[in-house]
Amino acid sequence: MKGWPGEPDMEYDVLVADGEAAANAGKPITDVIFDFGNVLIYWDPAAVLIPRYSQKTIDEFLDNDISGFYDVNDLMDGGMSTDEAIAVMRKDKGDKWADMLQYYIDNFRDSLTGIVPGARVLVNDLKTAGIGVWGLSNWEASLFHVAEEQCDILQQLDGKLVSGFVKLRKPHKEIYEAALKEFGIKAEGAVFIDDKAMNIVGSNAVGIRGVRFQDPVKLRQLLIANGVNIPNVQ
């Protein structure tokens, strides 16, 4: 299976306020919390692998049932070192995939392929409107400097919390609670933007409304429709 296992069905680009977040439906938005990968910056692991591997081998590596790639990503996001993760993959899935993971980690910067269109201006527009702009991402600690070096949009945020450093990860409620505390904000005014449905479910569990992101124009229009005073598309 390609992609993270356990993804629930959820519509893209709609405001979701289920569970604990239902009580905050309709309340003014004071803060927007962004995931990083494929929300603010593009992350494409296949882009790393193209110079050394066939498309068939890449597809197999990105099939969690075959290689366990997404399972070890979760472990690294939760605080496991890259060396430990490679050892886990070697033990569980064999040398072929472990060696491929080593290559991926060694060339990780090639997986960050640019800024998501519209993201930079949206962040700036939100800040101009007086909205707090924050980052909450699952990311392996020793690789995060690559994102900071290559993607200056991350420096525009008012603050950020990264899973590998705090040894907590989405979708577990503890990381959302830690983010609210770190940022000094309340769940009732916050909206969380992420490309994974499971992470929106996680945010809802602590009272934070969420949007499963796909389209930057629709996100802008959704925020405007919910009272955020930023320029609309003309």
# chains A, B, ... in the order shown; residues from 1 in each chain; ligands from 1
>>> select_by_dssp(residues="range 108-230 of chain A", states="strand (DSSP E or B)", output="PyMOL selection string")
chain A and resi 112-115+132-137+159-162+190-194+209-212
>>> write_last_selection(atoms="C-alpha atoms", output="compact mmCIF listing (two decimals), in the first residue's frame")
# COMPACT_ATOMS: atom_id res chain seq x y z
CA LEU A 112 12.20 18.98 -0.85
CA THR A 113 11.20 20.20 -4.27
CA GLY A 114 9.91 23.72 -3.59
CA ILE A 115 7.31 25.95 -1.96
CA GLY A 132 -1.10 34.01 14.42
CA VAL A 133 0.73 31.71 12.01
CA TRP A 134 2.38 28.58 13.41
CA GLY A 135 3.95 25.31 12.28
CA LEU A 136 3.35 21.78 13.59
CA SER A 137 5.07 19.00 11.69
CA GLY A 159 6.74 29.67 15.95
CA LYS A 160 6.95 25.97 15.22
CA LEU A 161 6.97 22.61 16.97
CA VAL A 162 8.64 19.61 15.29
CA ALA A 190 -7.19 27.76 16.04
CA VAL A 191 -7.44 25.98 12.69
CA PHE A 192 -4.97 23.25 11.71
CA ILE A 193 -4.02 22.65 8.06
CA ASP A 194 -2.60 19.23 7.10
CA ARG A 209 -10.78 22.65 13.87
CA GLY A 210 -8.97 21.27 10.85
CA VAL A 211 -8.71 21.32 7.06
CA ARG A 212 -7.37 18.45 4.98
>>> closest_atom_pairs(of="range 86-196 of chain A", to="range 214-220 of chain A", cutoff="9 Å", atoms="only C-alpha atoms", output="tab-separated table")
residue	atom	partner	partner_atom	distance
A:Val116	CA	A:Pro216	CA	8.1
A:Pro117	CA	A:Pro216	CA	7.1
A:Gly118	CA	A:Pro216	CA	6.2
A:Ala119	CA	A:Pro216	CA	7.2
A:Leu122	CA	A:Arg220	CA	7.3
A:Ile193	CA	A:Leu219	CA	8.9
A:Asp194	CA	A:Gln214	CA	8.8
A:Asp195	CA	A:Gln214	CA	6.6
>>> residues_around(residues="range 174-178 of chain A", least_positions_apart="3", cutoff="10 Å", atoms="only C-alpha atoms", output="list of chain:residue names")
A:Leu136, A:Ser137, A:Asn138, A:Leu161, A:Val162, A:Ser163, A:Val166, A:Lys167, A:Leu168, A:Arg169, A:Lys170, A:Pro171, A:Lys181, A:Glu182, A:Phe183, A:Gly184, A:Lys186, A:Ala187, A:Phe192, A:Asn199, A:Gly202, A:Ser203, A:Asn204, A:Ala205, A:Val206, A:Gly207, A:Ile208
>>> select_by_dssp(residues="range 7-203 of chain A", states="alpha helix (DSSP H)", output="mmCIF file with C-alpha atoms, in the first residue's frame")
data_model
loop_
_atom_site.group_PDB
_atom_site.id
_atom_site.type_symbol
_atom_site.label_atom_id
_atom_site.label_comp_id
_atom_site.auth_asym_id
_atom_site.auth_seq_id
_atom_site.Cartn_x
_atom_site.Cartn_y
_atom_site.Cartn_z
ATOM 1 C CA PRO A 45 10.619 10.951 -1.626
ATOM 2 C CA ALA A 46 10.552 9.596 -5.172
ATOM 3 C CA ALA A 47 12.528 12.634 -6.340
ATOM 4 C CA VAL A 48 15.491 11.409 -4.265
ATOM 5 C CA LEU A 49 15.466 7.937 -5.745
ATOM 6 C CA GLN A 55 10.333 3.222 -11.288
ATOM 7 C CA LYS A 56 9.344 -0.324 -10.311
ATOM 8 C CA THR A 57 11.810 -0.358 -7.417
ATOM 9 C CA ILE A 58 10.733 3.129 -6.326
ATOM 10 C CA ASP A 59 7.083 2.076 -6.351
ATOM 11 C CA GLU A 60 7.939 -0.955 -4.233
ATOM 12 C CA PHE A 61 9.967 1.143 -1.784
ATOM 13 C CA ASN A 64 4.573 0.270 3.001
ATOM 14 C CA ASP A 65 3.532 -3.379 2.835
ATOM 15 C CA ILE A 66 6.719 -4.215 0.927
ATOM 16 C CA SER A 67 9.406 -1.980 2.470
ATOM 17 C CA PHE A 69 9.063 2.903 4.564
ATOM 18 C CA TYR A 70 6.188 4.779 6.168
ATOM 19 C CA ASP A 71 6.416 2.742 9.352
ATOM 20 C CA VAL A 72 10.063 3.728 9.854
ATOM 21 C CA ASN A 73 9.215 7.317 8.950
ATOM 22 C CA ASP A 74 6.777 7.302 11.854
ATOM 23 C CA LEU A 75 9.513 5.956 14.126
ATOM 24 C CA MET A 76 11.950 8.671 13.036
ATOM 25 C CA ASP A 77 9.284 11.360 13.376
ATOM 26 C CA THR A 82 18.138 7.526 11.320
ATOM 27 C CA ASP A 83 20.703 4.817 12.152
ATOM 28 C CA GLU A 84 18.221 3.051 14.402
ATOM 29 C CA ALA A 85 15.511 3.276 11.743
ATOM 30 C CA ILE A 86 17.787 1.775 9.100
ATOM 31 C CA ALA A 87 18.593 -1.075 11.506
ATOM 32 C CA VAL A 88 14.886 -1.695 12.103
ATOM 33 C CA MET A 89 14.196 -1.833 8.376
ATOM 34 C CA ARG A 90 17.183 -4.133 7.821
ATOM 35 C CA LYS A 91 15.901 -6.514 10.498
ATOM 36 C CA ASP A 92 12.247 -6.418 9.446
ATOM 37 C CA LYS A 93 12.434 -6.030 5.660
ATOM 38 C CA ASP A 95 19.126 -5.328 3.193
ATOM 39 C CA LYS A 96 17.657 -4.143 -0.105
ATOM 40 C CA TRP A 97 15.201 -1.749 1.482
ATOM 41 C CA ALA A 98 17.517 -0.756 4.330
ATOM 42 C CA ASP A 99 20.244 0.216 1.843
ATOM 43 C CA MET A 100 17.666 2.192 -0.121
ATOM 44 C CA LEU A 101 16.570 3.994 3.035
ATOM 45 C CA GLN A 102 20.198 4.888 3.726
ATOM 46 C CA TYR A 103 20.484 6.370 0.233
ATOM 47 C CA TYR A 104 17.241 8.308 0.745
ATOM 48 C CA ILE A 105 18.473 9.757 4.049
ATOM 49 C CA ASP A 106 21.898 10.632 2.629
ATOM 50 C CA ALA A 119 1.782 29.387 0.562
ATOM 51 C CA ARG A 120 4.266 32.209 1.062
ATOM 52 C CA VAL A 121 1.763 34.952 0.254
ATOM 53 C CA LEU A 122 -0.956 33.286 2.348
ATOM 54 C CA VAL A 123 1.326 33.209 5.388
ATOM 55 C CA ASN A 124 2.188 36.883 4.881
ATOM 56 C CA ASP A 125 -1.457 37.862 4.316
ATOM 57 C CA LEU A 126 -2.514 36.085 7.513
ATOM 58 C CA LYS A 127 0.182 37.860 9.510
ATOM 59 C CA THR A 128 -0.838 41.227 8.052
ATOM 60 C CA PHE A 144 14.971 19.185 9.859
ATOM 61 C CA HIS A 145 17.854 21.601 9.320
ATOM 62 C CA VAL A 146 17.659 20.736 5.613
ATOM 63 C CA ALA A 147 14.115 22.099 5.443
ATOM 64 C CA GLU A 148 15.091 25.251 7.325
ATOM 65 C CA GLU A 149 18.064 25.829 5.013
ATOM 66 C CA GLN A 150 16.173 25.256 1.774
ATOM 67 C CA SER A 163 7.894 16.059 16.380
ATOM 68 C CA GLY A 164 11.426 14.649 16.336
ATOM 69 C CA PHE A 165 12.650 17.175 18.893
ATOM 70 C CA VAL A 166 9.814 16.640 21.393
ATOM 71 C CA LYS A 173 -3.270 14.308 21.032
ATOM 72 C CA GLU A 174 -0.229 15.049 23.208
ATOM 73 C CA ILE A 175 1.606 16.861 20.401
ATOM 74 C CA TYR A 176 -1.334 19.153 19.690
ATOM 75 C CA GLU A 177 -1.597 19.965 23.382
ATOM 76 C CA ALA A 178 2.150 20.658 23.462
ATOM 77 C CA ALA A 179 1.812 22.957 20.447
ATOM 78 C CA LEU A 180 -0.994 24.992 22.022
ATOM 79 C CA LYS A 181 1.114 25.405 25.149
ATOM 80 C CA GLU A 182 4.293 26.245 23.208
ATOM 81 C CA PHE A 183 2.530 28.841 21.057
ATOM 82 C CA ALA A 197 -6.853 13.063 7.294
ATOM 83 C CA MET A 198 -5.592 11.202 10.374
ATOM 84 C CA ASN A 199 -3.900 14.378 11.584
ATOM 85 C CA ILE A 200 -7.111 16.385 11.249
ATOM 86 C CA VAL A 201 -8.852 13.745 13.370
ATOM 87 C CA GLY A 202 -6.046 14.223 15.897
ATOM 88 C CA SER A 203 -6.460 17.988 15.986
#
>>> closest_residue(among="A:Leu222, A:Leu143, A:Ala129, A:Ile29", to="Arg109 in chain A", atoms="only C-alpha atoms")
A:Leu143
>>> residues_around(residues="Asn24 in chain A", least_positions_apart="3", cutoff="6 Å", atoms="only C-alpha atoms", output="list of chain:residue names")
A:Ala21, A:Lys27, A:Glu188
>>> atom_distance(atom1="CA of Asp152 in chain A", atom2="CA of Val39 in chain A")
14.2 Å
>>> atom_distance(atom1="CA of Pro231 in chain A", atom2="CA of Ile153 in chain A")
19.4 Å
